[in-house]
file work-v2.tsv (TSV, C-alpha atoms)
chain	number	residue	atom	x	y	z
A	25	MET	CA	16.50	31.82	-25.36
A	26	GLN	CA	20.00	32.23	-26.71
A	27	TYR	CA	20.96	31.63	-30.36
A	28	SER	CA	24.38	31.22	-31.88
A	29	LYS	CA	25.66	33.92	-34.23
A	30	GLU	CA	25.33	31.53	-37.16
A	31	VAL	CA	21.65	30.98	-36.45
A	32	GLU	CA	20.97	34.69	-35.91
A	33	GLU	CA	22.39	35.49	-39.35
A	34	MET	CA	20.27	32.86	-41.12
A	35	THR	CA	17.38	33.91	-43.36
A	36	CYS	CA	14.00	33.03	-41.86
A	37	VAL	CA	12.20	30.35	-43.88
A	38	LYS	CA	8.66	29.30	-42.98
A	39	SER	CA	7.71	25.63	-42.70
A	40	GLY	CA	4.86	24.94	-45.08
A	41	CYS	CA	4.13	21.33	-44.19
A	42	ASN	CA	2.67	20.74	-40.73
A	43	HIS	CA	-0.04	18.13	-40.36
A	44	GLY	CA	0.29	17.72	-36.59
A	45	CYS	CA	0.85	14.45	-34.77
A	46	ALA	CA	-0.48	11.13	-35.98
A	47	PRO	CA	-3.47	9.86	-33.97
A	48	ILE	CA	-3.03	6.70	-31.89
A	49	PRO	CA	-5.74	4.22	-30.81
A	50	GLU	CA	-6.75	4.58	-27.17
A	51	GLU	CA	-9.67	2.74	-25.61
A	52	GLY	CA	-11.76	2.75	-28.76
A	53	LYS	CA	-10.86	6.30	-29.83
A	54	TRP	CA	-8.25	7.91	-32.06
A	55	VAL	CA	-6.32	10.45	-30.01
A	56	CYS	CA	-3.70	13.03	-30.97
A	57	SER	CA	-1.66	12.91	-27.78
A	58	LYS	CA	0.30	16.04	-26.91
A	59	GLU	CA	0.44	15.80	-23.13
A	60	ILE	CA	0.69	13.01	-20.55
A	61	LYS	CA	-3.00	13.45	-19.68
A	62	ASP	CA	-3.85	12.44	-23.25
A	63	LEU	CA	-2.64	8.85	-22.67
A	64	SER	CA	-4.94	6.04	-21.51
A	65	GLY	CA	-4.84	2.27	-21.74
A	66	PHE	CA	-4.20	-1.07	-20.11
A	67	THR	CA	-0.94	-2.76	-21.04
A	68	HIS	CA	1.83	-5.13	-19.96
A	69	GLY	CA	5.59	-4.92	-20.20
A	70	VAL	CA	8.63	-6.94	-19.20
A	71	GLY	CA	11.84	-5.54	-17.74
A	72	TRP	CA	15.20	-7.01	-16.77
A	73	CYS	CA	18.08	-5.90	-14.57
A	74	ALA	CA	21.62	-5.12	-15.74
A	75	PRO	CA	23.09	-8.56	-14.90
A	76	GLN	CA	19.85	-10.13	-16.25
A	77	GLN	CA	19.50	-12.06	-13.04
A	78	GLY	CA	15.80	-11.30	-12.68
A	79	ALA	CA	12.79	-10.13	-14.66
A	80	CYS	CA	9.64	-8.16	-13.92
A	81	LYS	CA	6.27	-8.25	-15.64
A	82	LEU	CA	4.44	-4.99	-15.01
A	83	SER	CA	0.78	-4.35	-15.84
A	84	LEU	CA	-0.71	-0.86	-15.65
A	85	ASN	CA	-4.21	0.49	-16.11
A	86	VAL	CA	-3.90	4.17	-17.04
A	87	LYS	CA	-6.74	6.69	-17.30
A	88	ASN	CA	-6.01	10.21	-18.59
A	89	GLY	CA	-2.31	9.86	-17.85
A	90	ILE	CA	-2.77	8.69	-14.25
A	91	ILE	CA	-2.00	5.13	-13.14
A	92	GLN	CA	-5.12	3.66	-11.54
A	93	GLU	CA	-3.94	0.08	-11.13
A	94	ALA	CA	-0.59	-1.71	-11.05
A	95	LEU	CA	0.26	-5.41	-11.02
A	96	VAL	CA	3.93	-6.21	-10.36
A	97	GLU	CA	5.12	-9.79	-10.92
A	98	THR	CA	8.76	-10.73	-10.35
A	99	LEU	CA	10.96	-13.69	-11.13
A	100	GLY	CA	14.48	-14.84	-10.34
A	101	CYS	CA	15.61	-12.30	-7.74
A	102	SER	CA	14.59	-12.33	-4.08
A	103	GLY	CA	15.46	-8.65	-3.60
A	104	MET	CA	13.16	-7.70	-6.44
A	105	THR	CA	10.11	-8.90	-4.50
A	106	HIS	CA	10.75	-6.20	-1.87
A	107	SER	CA	11.20	-3.60	-4.60
A	108	ALA	CA	7.93	-4.80	-6.13
A	109	ALA	CA	6.18	-4.26	-2.79
A	110	MET	CA	7.37	-0.65	-2.85
A	111	ALA	CA	6.37	-0.23	-6.51
A	112	ALA	CA	2.83	-1.44	-5.77
A	113	GLU	CA	2.54	1.40	-3.24
A	114	ILE	CA	4.33	4.03	-5.33
A	115	LEU	CA	2.77	3.62	-8.80
A	116	PRO	CA	-1.02	4.02	-8.35
A	117	GLY	CA	-2.02	7.67	-8.37
A	118	ARG	CA	1.07	8.92	-10.19
A	119	THR	CA	1.15	10.25	-13.72
A	120	LEU	CA	3.02	8.21	-16.31
A	121	LEU	CA	5.79	10.81	-16.39
A	122	GLU	CA	6.13	10.76	-12.60
A	123	ALA	CA	6.32	6.97	-12.62
A	124	LEU	CA	8.89	7.01	-15.41
A	125	ASN	CA	11.08	9.37	-13.40
A	126	THR	CA	10.56	7.65	-10.04
A	127	ASP	CA	13.26	5.34	-8.72
A	128	LEU	CA	11.43	2.03	-8.40
A	129	VAL	CA	14.61	0.62	-6.76
A	130	CYS	CA	14.97	-2.41	-9.02
A	131	ASP	CA	16.46	-2.10	-12.52
A	132	ALA	CA	14.03	-4.70	-13.84
A	133	ILE	CA	10.98	-2.79	-12.59
A	134	ASN	CA	12.37	0.49	-13.91
A	135	THR	CA	12.97	-1.10	-17.31
A	136	ALA	CA	9.45	-2.54	-17.36
A	137	MET	CA	8.08	0.94	-16.58
A	138	ARG	CA	10.02	2.32	-19.54
A	139	GLU	CA	8.64	-0.34	-21.87
A	140	LEU	CA	5.07	0.34	-20.76
A	141	PHE	CA	5.53	4.07	-21.29
A	142	LEU	CA	6.64	3.44	-24.87
A	143	GLN	CA	3.69	1.14	-25.56
A	144	LEU	CA	1.18	3.68	-24.30
A	145	ALA	CA	2.91	6.59	-26.07
A	146	TYR	CA	2.70	4.73	-29.39
A	147	GLY	CA	-0.84	3.39	-28.91
A	148	ARG	CA	0.18	-0.23	-28.45
A	149	SER	CA	-1.92	-0.97	-25.36
A	150	GLN	CA	-4.03	-4.09	-24.82
A	151	SER	CA	-7.14	-1.91	-24.69
A	152	ALA	CA	-6.42	0.20	-27.78
A	153	PHE	CA	-9.67	-0.83	-29.48
A	154	SER	CA	-11.80	-1.50	-26.36
A	155	ASP	CA	-14.50	1.13	-25.83
A	156	ASP	CA	-13.75	3.01	-22.59
A	157	GLY	CA	-10.85	0.63	-21.89
A	158	LEU	CA	-10.77	-1.97	-19.13
A	159	VAL	CA	-12.20	-1.54	-15.65
A	160	VAL	CA	-9.87	-0.99	-12.71
A	161	GLY	CA	-9.33	-4.50	-11.39
A	162	ALA	CA	-8.70	-6.04	-14.80
A	163	GLY	CA	-5.08	-6.70	-13.79
A	164	LEU	CA	-6.22	-9.36	-11.33
A	165	GLU	CA	-7.77	-11.38	-14.15
A	166	ASP	CA	-4.28	-12.37	-15.27
A	167	LEU	CA	-3.81	-14.15	-11.96
A	168	GLY	CA	-6.90	-16.35	-12.15
A	169	LYS	CA	-9.16	-17.39	-9.27
A	170	GLY	CA	-6.30	-18.26	-6.95
A	171	LEU	CA	-4.72	-14.80	-7.43
A	172	ARG	CA	-1.32	-16.34	-8.11
A	173	SER	CA	1.06	-15.50	-10.95
A	174	GLN	CA	1.18	-17.99	-13.82
A	175	VAL	CA	4.65	-19.42	-13.28
A	176	GLY	CA	6.47	-22.22	-15.06
A	177	THR	CA	9.65	-23.60	-13.50
A	178	MET	CA	11.54	-26.35	-15.30
A	179	TYR	CA	15.02	-27.70	-14.78
A	180	GLY	CA	17.10	-30.16	-16.77
A	181	THR	CA	20.60	-31.62	-17.09
A	182	LYS	CA	22.21	-33.64	-19.83
A	183	GLU	CA	23.02	-36.40	-17.37
A	184	LYS	CA	19.66	-36.73	-15.57
A	185	GLY	CA	17.10	-35.13	-17.90
A	186	PRO	CA	14.17	-32.76	-17.24
A	187	ARG	CA	12.38	-31.89	-14.01
A	188	TYR	CA	8.97	-30.19	-13.95
A	189	LEU	CA	8.81	-28.09	-10.76
A	190	GLU	CA	5.87	-25.76	-11.32
A	191	MET	CA	3.30	-25.55	-14.08
A	192	ALA	CA	0.50	-23.08	-14.75
A	193	GLU	CA	-1.81	-25.54	-12.98
A	194	GLY	CA	0.27	-25.49	-9.81
A	195	TYR	CA	3.10	-26.99	-7.77
A	196	VAL	CA	4.26	-30.31	-9.26
A	197	LEU	CA	4.30	-33.14	-6.70
A	198	ASP	CA	5.66	-35.89	-8.93
A	199	GLN	CA	6.28	-36.88	-12.54
A	200	ALA	CA	4.98	-40.04	-14.17
A	201	LEU	CA	7.48	-41.93	-16.33
A	202	ASP	CA	6.84	-44.70	-18.85
A	203	GLU	CA	8.93	-47.81	-19.48
A	204	ASN	CA	11.46	-45.66	-21.37
A	205	ASN	CA	11.78	-43.25	-18.43
A	206	GLU	CA	10.10	-40.52	-20.48
A	207	ILE	CA	7.66	-38.09	-18.82
A	208	ILE	CA	4.03	-38.85	-19.69
A	209	GLY	CA	2.25	-36.81	-17.03
A	210	TYR	CA	2.47	-35.20	-13.64
A	211	ARG	CA	0.54	-34.70	-10.41
A	212	TYR	CA	0.14	-31.19	-9.05
A	213	VAL	CA	-1.57	-29.18	-6.31
A	214	SER	CA	-3.27	-25.83	-6.95
A	215	LEU	CA	-1.69	-23.87	-4.10
A	216	GLY	CA	-3.91	-20.80	-4.39
A	217	LYS	CA	-7.15	-22.78	-4.22
A	218	MET	CA	-5.77	-25.00	-1.44
A	219	MET	CA	-4.76	-22.03	0.71
A	220	ASP	CA	-8.15	-20.34	0.18
A	221	ALA	CA	-9.86	-23.52	1.37
A	222	ILE	CA	-7.61	-23.77	4.44
A	223	LYS	CA	-8.28	-20.11	5.29
A	224	GLY	CA	-11.99	-20.92	4.97
A	225	GLY	CA	-11.69	-23.59	7.68
A	226	MET	CA	-11.02	-26.77	5.69
A	227	ASP	CA	-8.60	-29.27	7.22
A	228	PRO	CA	-5.19	-28.91	5.51
A	229	LYS	CA	-4.97	-32.61	4.63
A	230	GLU	CA	-8.46	-32.54	3.14
A	231	ALA	CA	-7.63	-29.38	1.20
A	232	LEU	CA	-4.41	-30.93	-0.15
A	233	GLN	CA	-6.32	-33.96	-1.37
A	234	LYS	CA	-9.19	-31.95	-2.85
A	235	PHE	CA	-6.99	-29.63	-4.89
A	236	THR	CA	-4.51	-32.23	-6.08
A	237	SER	CA	-5.01	-33.38	-9.65
A	238	THR	CA	-3.12	-34.92	-12.56
A	239	TYR	CA	-2.23	-34.02	-16.13
A	240	GLY	CA	-1.47	-36.16	-19.15
A	241	ARG	CA	-1.23	-39.97	-18.95
A	242	TYR	CA	-0.28	-39.87	-15.30
A	243	ALA	CA	-2.26	-43.00	-14.44
A	244	GLU	CA	-0.29	-45.02	-17.01
A	245	GLY	CA	3.06	-44.27	-15.38
A	246	VAL	CA	5.28	-47.21	-14.45
A	247	LYS	CA	7.50	-45.06	-12.24
A	248	PHE	CA	6.80	-41.88	-10.27
A	249	ILE	CA	9.52	-39.50	-9.11
A	250	ASP	CA	9.60	-36.38	-6.95
A	251	PRO	CA	11.31	-33.81	-9.25
A	252	ARG	CA	12.84	-32.08	-6.22
A	253	LYS	CA	14.40	-35.19	-4.68
A	254	ASN	CA	14.74	-38.09	-7.12
call {"tool": "encode", "arguments": {"input": "work-v2.tsv", "output": "structure tokens"}}
result
Amino acid sequence: MQYSKEVEEMTCVKSGCNHGCAPIPEEGKWVCSKEIKDLSGFTHGVGWCAPQQGACKLSLNVKNGIIQEALVETLGCSGMTHSAAMAAEILPGRTLLEALNTDLVCDAINTAMRELFLQLAYGRSQSAFSDDGLVVGAGLEDLGKGLRSQVGTMYGTKEKGPRYLEMAEGYVLDQALDENNEIIGYRYVSLGKMMDAIKGGMDPKEALQKFTSTYGRYAEGVKFIDPRKN
């Protein structure tokens, strides 16, 4: 190691105060992390690309510094879905440092990876106080029984008002309006459950009817509109 002349001529002074690193909570334990293998936890993070055209929600389950499980959810950019497919193959099995320094193609996914690294490094994981953390597979619980991302898609204009396109419950078929043309409910289909039923042999029309439901005061509507057409 090379030192400048100024440093070489300095008097050596010992550091008297050295208490080591502060412990962070990890899966029900307090850990003084010094290496990547010291980090464990399950956590989420959100990333965005430079033009902020799309966003990524990334969930990782990390055990002893190695990613065991990755859930990649994308929004707003069609190209990002292909990058997410690559990330789902790339991330599991890598250390956190490898993943941080791996080109995950999409800026949003890379940014999400950075945010997750910071959370785990500072002990801010979802499983910080859970004994032994969460089992591998916990990431799927966020998706529910239909294994579909919880997505809300709404659109509105000053001239024509709001349109509900997709709710957490599912794909919105139509909105119910009252006598003042205000939304009082909606009818939706749970696409994940419907597709599972169709794959299981149920007739598509029967499946559509079975997994179609309503929310709010839908039955009291005086007018019903398709938010995608009307």
call {"tool": "closest_residue", "arguments": {"input": "work-v2.tsv", "among": "A:Gly69, A:Gly245, A:Gly147, A:Gly225", "to": "Asn205 in chain A", "atoms": "only C-alpha atoms"}}
result
A:Gly245
call {"tool": "closest_residue", "arguments": {"input": "work-v2.tsv", "among": "A:Asn88, A:Ser83, A:Ser214, A:Thr135", "to": "Asp166 in chain A", "atoms": "all atoms listed in the file"}}
result
A:Ser83
call {"tool": "atom_distance", "arguments": {"input": "work-v2.tsv", "atom1": "CA of Glu206 in chain A", "atom2": "CA of Lys184 in chain A"}}
result
11.4 Å
call {"tool": "atom_distance", "arguments": {"input": "work-v2.tsv", "atom1": "CA of Leu121 in chain A", "atom2": "CA of Leu142 in chain A"}}
result
11.3 Å
call {"tool": "residues_near_point", "arguments": {"input": "work-v2.tsv", "point": "(8.8, -35.5, -14.1)", "cutoff": "8 Å", "atoms": "all atoms listed in the file", "output": "list of chain:residue names"}}
result
A:Pro186, A:Arg187, A:Tyr188, A:Asp198, A:Gln199, A:Ala200, A:Leu201, A:Ile207, A:Gly209, A:Tyr210, A:Phe248, A:Ile249, A:Asp250, A:Pro251
call {"tool": "write_last_selection", "arguments": {"input": "work-v2.tsv", "atoms": "C-alpha atoms", "output": "PDB file, keeping the file's coordinate frame"}}
result
ATOM      1  CA  PRO A 186      14.170 -32.760 -17.240  1.00  0.00           C
ATOM      2  CA  ARG A 187      12.380 -31.890 -14.010  1.00  0.00           C
ATOM      3  CA  TYR A 188       8.970 -30.190 -13.950  1.00  0.00           C
ATOM      4  CA  ASP A 198       5.660 -35.890  -8.930  1.00  0.00           C
ATOM      5  CA  GLN A 199       6.280 -36.880 -12.540  1.00  0.00           C
ATOM      6  CA  ALA A 200       4.980 -40.040 -14.170  1.00  0.00           C
ATOM      7  CA  LEU A 201       7.480 -41.930 -16.330  1.00  0.00           C
ATOM      8  CA  ILE A 207       7.660 -38.090 -18.820  1.00  0.00           C
ATOM      9  CA  GLY A 209       2.250 -36.810 -17.030  1.00  0.00           C
ATOM     10  CA  TYR A 210       2.470 -35.200 -13.640  1.00  0.00           C
ATOM     11  CA  PHE A 248       6.800 -41.880 -10.270  1.00  0.00           C
ATOM     12  CA  ILE A 249       9.520 -39.500  -9.110  1.00  0.00           C
ATOM     13  CA  ASP A 250       9.600 -36.380  -6.950  1.00  0.00           C
ATOM     14  CA  PRO A 251      11.310 -33.810  -9.250  1.00  0.00           C
TER      15      PRO A 251
END
call {"tool": "atom_distance", "arguments": {"input": "work-v2.tsv", "atom1": "CA of Thr238 in chain A", "atom2": "CA of Leu95 in chain A"}}
result
29.7 Å
call {"tool": "closest_residue", "arguments": {"input": "work-v2.tsv", "among": "A:Ala74, A:Ile114, A:Ile133, A:Met178", "to": "Gln92 in chain A", "atoms": "all atoms listed in the file"}}
result
A:Ile114
call {"tool": "closest_residue", "arguments": {"input": "work-v2.tsv", "among": "A:Glu139, A:Asp227, A:Val96, A:Val246", "to": "Glu203 in chain A", "atoms": "only C-alpha atoms"}}
result
A:Val246
call {"tool": "closest_residue", "arguments": {"input": "work-v2.tsv", "among": "A:Lys247, A:Arg241, A:His43, A:Lys169", "to": "Asp220 in chain A", "atoms": "all atoms listed in the file"}}
result
A:Lys169
call {"tool": "residues_around", "arguments": {"input": "work-v2.tsv", "residues": "Phe66 in chain A", "least_positions_apart": "4", "cutoff": "10 Å", "atoms": "all atoms listed in the file", "output": "PDB file with C-alpha atoms, in the coordinates of the input"}}
result
ATOM      1  CA  GLU A  50      -6.750   4.580 -27.170  1.00  0.00           C
ATOM      2  CA  GLU A  51      -9.670   2.740 -25.610  1.00  0.00           C
ATOM      3  CA  SER A  83       0.780  -4.350 -15.840  1.00  0.00           C
ATOM      4  CA  LEU A  84      -0.710  -0.860 -15.650  1.00  0.00           C
ATOM      5  CA  ASN A  85      -4.210   0.490 -16.110  1.00  0.00           C
ATOM      6  CA  VAL A  86      -3.900   4.170 -17.040  1.00  0.00           C
ATOM      7  CA  LYS A  87      -6.740   6.690 -17.300  1.00  0.00           C
ATOM      8  CA  ILE A  91      -2.000   5.130 -13.140  1.00  0.00           C
ATOM      9  CA  GLN A  92      -5.120   3.660 -11.540  1.00  0.00           C
ATOM     10  CA  GLU A  93      -3.940   0.080 -11.130  1.00  0.00           C
ATOM     11  CA  ALA A  94      -0.590  -1.710 -11.050  1.00  0.00           C
ATOM     12  CA  LEU A 140       5.070   0.340 -20.760  1.00  0.00           C
ATOM     13  CA  GLN A 143       3.690   1.140 -25.560  1.00  0.00           C
ATOM     14  CA  LEU A 144       1.180   3.680 -24.300  1.00  0.00           C
ATOM     15  CA  ARG A 148       0.180  -0.230 -28.450  1.00  0.00           C
ATOM     16  CA  SER A 149      -1.920  -0.970 -25.360  1.00  0.00           C
ATOM     17  CA  GLN A 150      -4.030  -4.090 -24.820  1.00  0.00           C
ATOM     18  CA  SER A 151      -7.140  -1.910 -24.690  1.00  0.00           C
ATOM     19  CA  ALA A 152      -6.420   0.200 -27.780  1.00  0.00           C
ATOM     20  CA  SER A 154     -11.800  -1.500 -26.360  1.00  0.00           C
ATOM     21  CA  GLY A 157     -10.850   0.630 -21.890  1.00  0.00           C
ATOM     22  CA  LEU A 158     -10.770  -1.970 -19.130  1.00  0.00           C
ATOM     23  CA  VAL A 159     -12.200  -1.540 -15.650  1.00  0.00           C
ATOM     24  CA  VAL A 160      -9.870  -0.990 -12.710  1.00  0.00           C
ATOM     25  CA  ALA A 162      -8.700  -6.040 -14.800  1.00  0.00           C
ATOM     26  CA  GLY A 163      -5.080  -6.700 -13.790  1.00  0.00           C
TER      27      GLY A 163
END
call {"tool": "residues_near_point", "arguments": {"input": "work-v2.tsv", "point": "(-1.2, 13.6, -32.5)", "cutoff": "10 Å", "atoms": "all atoms listed in the file", "output": "short mmCIF file (atom, residue, chain, number, x, y, z; two decimals) with C-alpha atoms, in the coordinates of the input"}}
result
data_model
loop_
_atom_site.label_atom_id
_atom_site.label_comp_id
_atom_site.auth_asym_id
_atom_site.auth_seq_id
_atom_site.Cartn_x
_atom_site.Cartn_y
_atom_site.Cartn_z
CA HIS A 43 -0.04 18.13 -40.36
CA GLY A 44 0.29 17.72 -36.59
CA CYS A 45 0.85 14.45 -34.77
CA ALA A 46 -0.48 11.13 -35.98
CA PRO A 47 -3.47 9.86 -33.97
CA ILE A 48 -3.03 6.70 -31.89
CA TRP A 54 -8.25 7.91 -32.06
CA VAL A 55 -6.32 10.45 -30.01
CA CYS A 56 -3.70 13.03 -30.97
CA SER A 57 -1.66 12.91 -27.78
CA LYS A 58 0.30 16.04 -26.91
CA GLU A 59 0.44 15.80 -23.13
CA ASP A 62 -3.85 12.44 -23.25
#
call {"tool": "closest_residue", "arguments": {"input": "work-v2.tsv", "among": "A:Asp131, A:Met219, A:Asn42, A:His106", "to": "Pro75 in chain A", "atoms": "only C-alpha atoms"}}
result
A:Asp131
call {"tool": "residues_around", "arguments": {"input": "work-v2.tsv", "residues": "Thr236 in chain A", "least_positions_apart": "3", "cutoff": "12 Å", "atoms": "all atoms listed in the file", "output": "PyMOL selection string"}}
result
chain A and resi 193-198+210-218+229-233+239
call {"tool": "decode", "arguments": {"input": "work-v2.tsv", "residues": "range 46-71 of chain A", "atoms": "N, CA and C atoms", "output": "mmCIF file, in the first residue's frame"}}
result
data_model
loop_
_atom_site.group_PDB
_atom_site.id
_atom_site.type_symbol
_atom_site.label_atom_id
_atom_site.label_comp_id
_atom_site.auth_asym_id
_atom_site.auth_seq_id
_atom_site.Cartn_x
_atom_site.Cartn_y
_atom_site.Cartn_z
ATOM 1 N N ALA A 46 -22.784 -1.959 14.975
ATOM 2 C CA ALA A 46 -24.040 -2.087 15.713
ATOM 3 C C ALA A 46 -24.795 -3.316 15.209
ATOM 4 N N PRO A 47 -25.367 -4.118 16.102
ATOM 5 C CA PRO A 47 -26.109 -5.303 15.664
ATOM 6 C C PRO A 47 -27.428 -4.904 14.988
ATOM 7 N N ILE A 48 -27.839 -5.703 14.015
ATOM 8 C CA ILE A 48 -29.113 -5.468 13.326
ATOM 9 C C ILE A 48 -30.004 -6.688 13.530
ATOM 10 N N PRO A 49 -31.338 -6.492 13.519
ATOM 11 C CA PRO A 49 -32.249 -7.636 13.701
ATOM 12 C C PRO A 49 -32.365 -8.452 12.418
ATOM 13 N N GLU A 50 -32.165 -9.744 12.543
ATOM 14 C CA GLU A 50 -32.277 -10.662 11.411
ATOM 15 C C GLU A 50 -32.954 -11.949 11.858
ATOM 16 N N GLU A 51 -34.160 -12.162 11.373
ATOM 17 C CA GLU A 51 -34.868 -13.417 11.603
ATOM 18 C C GLU A 51 -34.857 -13.841 13.072
ATOM 19 N N GLY A 52 -35.187 -12.887 13.932
ATOM 20 C CA GLY A 52 -35.298 -13.170 15.357
ATOM 21 C C GLY A 52 -33.990 -13.143 16.117
ATOM 22 N N LYS A 53 -32.899 -12.718 15.476
ATOM 23 C CA LYS A 53 -31.601 -12.651 16.149
ATOM 24 C C LYS A 53 -30.994 -11.267 15.938
ATOM 25 N N TRP A 54 -30.065 -10.909 16.812
ATOM 26 C CA TRP A 54 -29.295 -9.682 16.641
ATOM 27 C C TRP A 54 -27.934 -10.075 16.091
ATOM 28 N N VAL A 55 -27.601 -9.550 14.919
ATOM 29 C CA VAL A 55 -26.406 -9.981 14.199
ATOM 30 C C VAL A 55 -25.494 -8.789 13.921
ATOM 31 N N CYS A 56 -24.201 -8.968 14.199
ATOM 32 C CA CYS A 56 -23.205 -7.976 13.790
ATOM 33 C C CYS A 56 -22.684 -8.403 12.419
ATOM 34 N N SER A 57 -23.243 -7.836 11.385
ATOM 35 C CA SER A 57 -22.898 -8.270 10.026
ATOM 36 C C SER A 57 -21.605 -7.621 9.562
ATOM 37 N N LYS A 58 -20.680 -8.458 9.110
ATOM 38 C CA LYS A 58 -19.396 -7.989 8.594
ATOM 39 C C LYS A 58 -19.159 -8.460 7.160
ATOM 40 N N GLU A 59 -19.862 -9.516 6.776
ATOM 41 C CA GLU A 59 -19.715 -10.064 5.435
ATOM 42 C C GLU A 59 -21.095 -10.322 4.848
ATOM 43 N N ILE A 60 -21.151 -10.517 3.541
ATOM 44 C CA ILE A 60 -22.423 -10.758 2.861
ATOM 45 C C ILE A 60 -23.139 -11.971 3.450
ATOM 46 N N LYS A 61 -22.367 -13.010 3.816
ATOM 47 C CA LYS A 61 -22.993 -14.225 4.351
ATOM 48 C C LYS A 61 -23.669 -13.995 5.692
ATOM 49 N N ASP A 62 -23.448 -12.840 6.302
ATOM 50 C CA ASP A 62 -24.071 -12.532 7.587
ATOM 51 C C ASP A 62 -25.490 -11.986 7.428
ATOM 52 N N LEU A 63 -25.937 -11.746 6.194
ATOM 53 C CA LEU A 63 -27.239 -11.128 5.957
ATOM 54 C C LEU A 63 -28.294 -12.170 5.605
ATOM 55 N N SER A 64 -29.440 -12.080 6.279
ATOM 56 C CA SER A 64 -30.581 -12.950 5.996
ATOM 57 C C SER A 64 -31.852 -12.144 6.173
ATOM 58 N N GLY A 65 -32.908 -12.541 5.461
ATOM 59 C CA GLY A 65 -34.190 -11.872 5.636
ATOM 60 C C GLY A 65 -35.058 -11.942 4.399
ATOM 61 N N PHE A 66 -36.332 -11.674 4.613
ATOM 62 C CA PHE A 66 -37.300 -11.582 3.514
ATOM 63 C C PHE A 66 -37.766 -10.129 3.441
ATOM 64 N N THR A 67 -37.663 -9.531 2.262
ATOM 65 C CA THR A 67 -38.048 -8.129 2.163
ATOM 66 C C THR A 67 -38.488 -7.766 0.754
ATOM 67 N N HIS A 68 -39.137 -6.605 0.651
ATOM 68 C CA HIS A 68 -39.646 -6.083 -0.622
ATOM 69 C C HIS A 68 -38.963 -4.751 -0.919
ATOM 70 N N GLY A 69 -38.961 -4.392 -2.179
ATOM 71 C CA GLY A 69 -38.457 -3.083 -2.576
ATOM 72 C C GLY A 69 -39.046 -2.681 -3.908
ATOM 73 N N VAL A 70 -39.100 -1.384 -4.153
ATOM 74 C CA VAL A 70 -39.649 -0.869 -5.407
ATOM 75 C C VAL A 70 -38.586 -0.075 -6.139
ATOM 76 N N GLY A 71 -38.467 -0.295 -7.441
ATOM 77 C CA GLY A 71 -37.513 0.424 -8.263
ATOM 78 C C GLY A 71 -38.195 1.073 -9.450
#
